[in-house]
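Asker: Got a structure for you, questions after.
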Amino acid sequence: MFVTKTGCEIYIACEKPEIEDYESRYQNECFGRWLPPRVRFTIAHEIGHTLLYGSVKNSKPKSRIAVDHHRTLESLEDLCDGVAGRILMPTDIIRLKAQQSDFYNPDILRGIAQEAKVSASAVVRRIGEMGGLLSDMGAFAYAKGTDHKREIIAFSTHSSLSPIFANARPGQLLSTFVQHTTKGFILNGGNCYVEVVEFPEQPEWARYFEFRCETQASKGDHLGFFVTARLVNQADPTKHLC
Ligand SMILES: [Zn+2]
């Protein structure tokens with residue numbers, strides 16, 4: 001983003017052959033609705049930066065935040081990612097969706113990514129921060145890789161469950177998240193997409209989680225898949241639902 005006398009200009013890095021395509025998508029089709037998710041998120045992120053600048057009334061807008069340390073820069077970037085998430089997945093719409101559908105169903109999360117035209121990682125982050133809206137506590141992940149090595153790309157969890165999933169974070173193996181699931185679970189070679197598992201080392205209130213993996217029909221050609229874990233009541237173990 002460049003700050004000019006009249007405001008801010010946002011530029012997107014892309015390959016040369018993409019320039020014309022992106023230009024026409026932006027100009028002709030509902031102002032960017034059909035731009036690729038990465039580009040849409042970048043634009044929304046940069047719009048986030050513009051909110052931190054002063055007025056353009058008398059002079060070139062000035063940043064309201066002094067970025068004098070890499071930590072300030074990191075938290076500024078996180079803040080703008082958060083703004084981008086809110087622009088692309090507005091709170092009111094996500095709240096309504098949360099009332100109408102089960103966010104612990106990974107196929108529903110894929111539907112949100114497609115509808116909002118955002119990346120799967122952006123959905124995981126946004127649903128994570130909206131966790132308070134959900135009636136159940138849990139965790140959300142997006143992972144990629146082969147049967148032998150699956151890696152977490154995005155992860156979020158309800159804050160009170162953070163200690164339970166302390167090792168599950170982007171860049172780590174998916175096994176840090178699904179380690180308690182059994183051989184019957186689809187990710188371990190079984191054929192069940194849903195499994196309730198016990199975390200014996202956890203206190204009683206956090207001992208059972210229902211893990212769900214995105215179905216093949218929902219995943220389609222995407223390289224990654226959603227996995228969720230919902231805290232459930234011990235008295236209601238649905239064990240394997242295939
Ligand atoms: Zn930025």
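Going by the structure tokens order, chains are called A, B, ..., each with residues numbered from 1, while ligands are numbered from 1 in the order shown.
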Report as a list in words which protein, DNA and RNA residues come within 10 Å of ligand 1, using only C-alpha atoms and all ligand atoms.
Answerer: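 Result of the 10 Å neighbour search around ligand 1: Met1, Thr42, Ile43, Ala44, His45, Glu46, Ile47, Gly48, His49, Thr50, Leu73, Glu74, Ser75, Leu76, Glu77, Asp78, Leu79, Cys80 and Asp81 of chain A.
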Asker: Residues of range 17-149 of chain A in helix (DSSP H, G or I) according to DSSP, as a PyMOL selection string?
Answerer: chain A and resi 17-28+37-50+70-88+91-100+106-116+120-129+131-133
Asker: Pick the closest to Asp102 in chain A from A:Ala217, A:Leu52, A:Arg230, A:Trp205: which is it, counting only C-alpha atoms?
Answerer: A:Arg230
Asker: Do you know which residues are at most 8 Å from range 166-174 of chain A counting only C-alpha atoms, after dropping those on the same chain fewer than 2 positions away, and could you put them as a list in words?
Answerer: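 What passes the distance filter is Ala143, Lys149, Arg150, Glu151, Ile152, Ile153, Ala154, Phe155, Ser156, Ser162, Pro163, Ile164, Thr176, Phe177 and Val178 of chain A.
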Asker: Go ahead and save the residues from that selection, with C-alpha atoms, as a PDB file, in the first residue's frame.
Answerer:
```
ATOM      1  CA  ALA A 143      -4.418 -29.372   7.335  1.00  0.00           C
ATOM      2  CA  LYS A 149       2.872 -36.415   6.899  1.00  0.00           C
ATOM      3  CA  ARG A 150      -0.024 -34.078   7.443  1.00  0.00           C
ATOM      4  CA  GLU A 151       0.693 -30.552   8.588  1.00  0.00           C
ATOM      5  CA  ILE A 152      -1.537 -28.004  10.302  1.00  0.00           C
ATOM      6  CA  ILE A 153      -1.953 -24.913   8.125  1.00  0.00           C
ATOM      7  CA  ALA A 154      -4.333 -23.009  10.388  1.00  0.00           C
ATOM      8  CA  PHE A 155      -5.562 -23.661  13.912  1.00  0.00           C
ATOM      9  CA  SER A 156      -7.808 -21.950  16.413  1.00  0.00           C
ATOM     10  CA  SER A 162      -5.735 -23.783  24.650  1.00  0.00           C
ATOM     11  CA  PRO A 163      -3.760 -25.754  27.257  1.00  0.00           C
ATOM     12  CA  ILE A 164      -5.325 -29.004  26.004  1.00  0.00           C
ATOM     13  CA  THR A 176      -0.521 -33.024  17.629  1.00  0.00           C
ATOM     14  CA  PHE A 177      -4.246 -32.304  17.287  1.00  0.00           C
ATOM     15  CA  VAL A 178      -5.802 -35.720  16.521  1.00  0.00           C
TER      16      VAL A 178
END
```
Asker: Excluding range 111-115 of chain A and any residue of its chain fewer than 4 positions from it, enumerate the residues within 10 Å of it, using only C-alpha atoms, and give them as a list in words.
Answerer: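 Answer for this query is Pro37, Met89, Ile94, Lys97, Phe103, Pro106, Asp107, Ser119, Ala120, Ser121, Ala122, Val123, Val124 and Ser218 of chain A.
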Asker: Please produce a file of the residues just selected, as a short mmCIF file (atom, residue, chain, number, x, y, z; two decimals), in the first residue's frame, where the atoms kept are C-alpha atoms.
Answerer:
```cif
data_model
loop_
_atom_site.label_atom_id
_atom_site.label_comp_id
_atom_site.auth_asym_id
_atom_site.auth_seq_id
_atom_site.Cartn_x
_atom_site.Cartn_y
_atom_site.Cartn_z
CA PRO A 37 -9.26 -15.48 -2.32
CA MET A 89 -16.86 -12.54 6.82
CA ILE A 94 -21.33 -15.33 10.64
CA LYS A 97 -24.86 -18.78 10.07
CA PHE A 103 -19.71 -25.00 12.66
CA PRO A 106 -16.16 -29.44 8.65
CA ASP A 107 -18.24 -29.53 5.46
CA SER A 119 -9.11 -19.25 2.05
CA ALA A 120 -9.76 -22.13 4.43
CA SER A 121 -7.17 -20.67 6.80
CA ALA A 122 -9.08 -17.39 6.96
CA VAL A 123 -12.23 -19.32 7.92
CA VAL A 124 -10.42 -21.19 10.71
CA SER A 218 -16.85 -31.67 0.43
#
```
Asker: Tell me, in Å to one decimal, how far CA of Gln234 in chain A is from CA of Asn105 in chain A.
Answerer: 19.7 Å
Asker: For Phe225 in chain A, please output as a ChimeraX atom specification all residues within 7 Å (counting only C-alpha atoms; exclusion window: fewer than 2 positions along the same chain).
Answerer: /A:142-144,214,219,227
Asker: Need to verify the contact set: Asp147 in chain A, 10 Å, only C-alpha atoms, exclusion of same-chain residues closer than 6 positions in sequence. Can you return it as a PyMOL selection string?
Answerer: chain A and resi 187-189
Asker: Just the selected residues (C-alpha atoms), exported as an mmCIF file, in the first residue's frame, please.
Answerer:
```cif
data_model
loop_
_atom_site.group_PDB
_atom_site.id
_atom_site.type_symbol
_atom_site.label_atom_id
_atom_site.label_comp_id
_atom_site.auth_asym_id
_atom_site.auth_seq_id
_atom_site.Cartn_x
_atom_site.Cartn_y
_atom_site.Cartn_z
ATOM 1 C CA LEU A 187 -7.287 -39.975 9.211
ATOM 2 C CA ASN A 188 -5.784 -43.102 10.757
ATOM 3 C CA GLY A 189 -6.824 -45.441 7.963
#
```
Asker: If I take CA of Leu231 in chain A and CA of Gly138 in chain A, how far is one from the other in Å, to one decimal?
Answerer: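 Computing it gives 5.5 Å between the two atoms.
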Asker: What is the CA of Tyr104 in chain A-CA of Arg86 in chain A distance in Å, reported with one decimal?
Answerer: 20.1 Å
Asker: When you look at Pro200 in chain A with a cut-off of 12 Å (counting only C-alpha atoms), what residues show up, excluding the ones that are within fewer than 6 positions of it in the same chain? I need them as a list of chain:residue names.
Answerer: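 These residues fall inside the cut-off: A:Ile164, A:His180, A:Ala206, A:Arg207, A:Tyr208, A:Phe209, A:Gln234.
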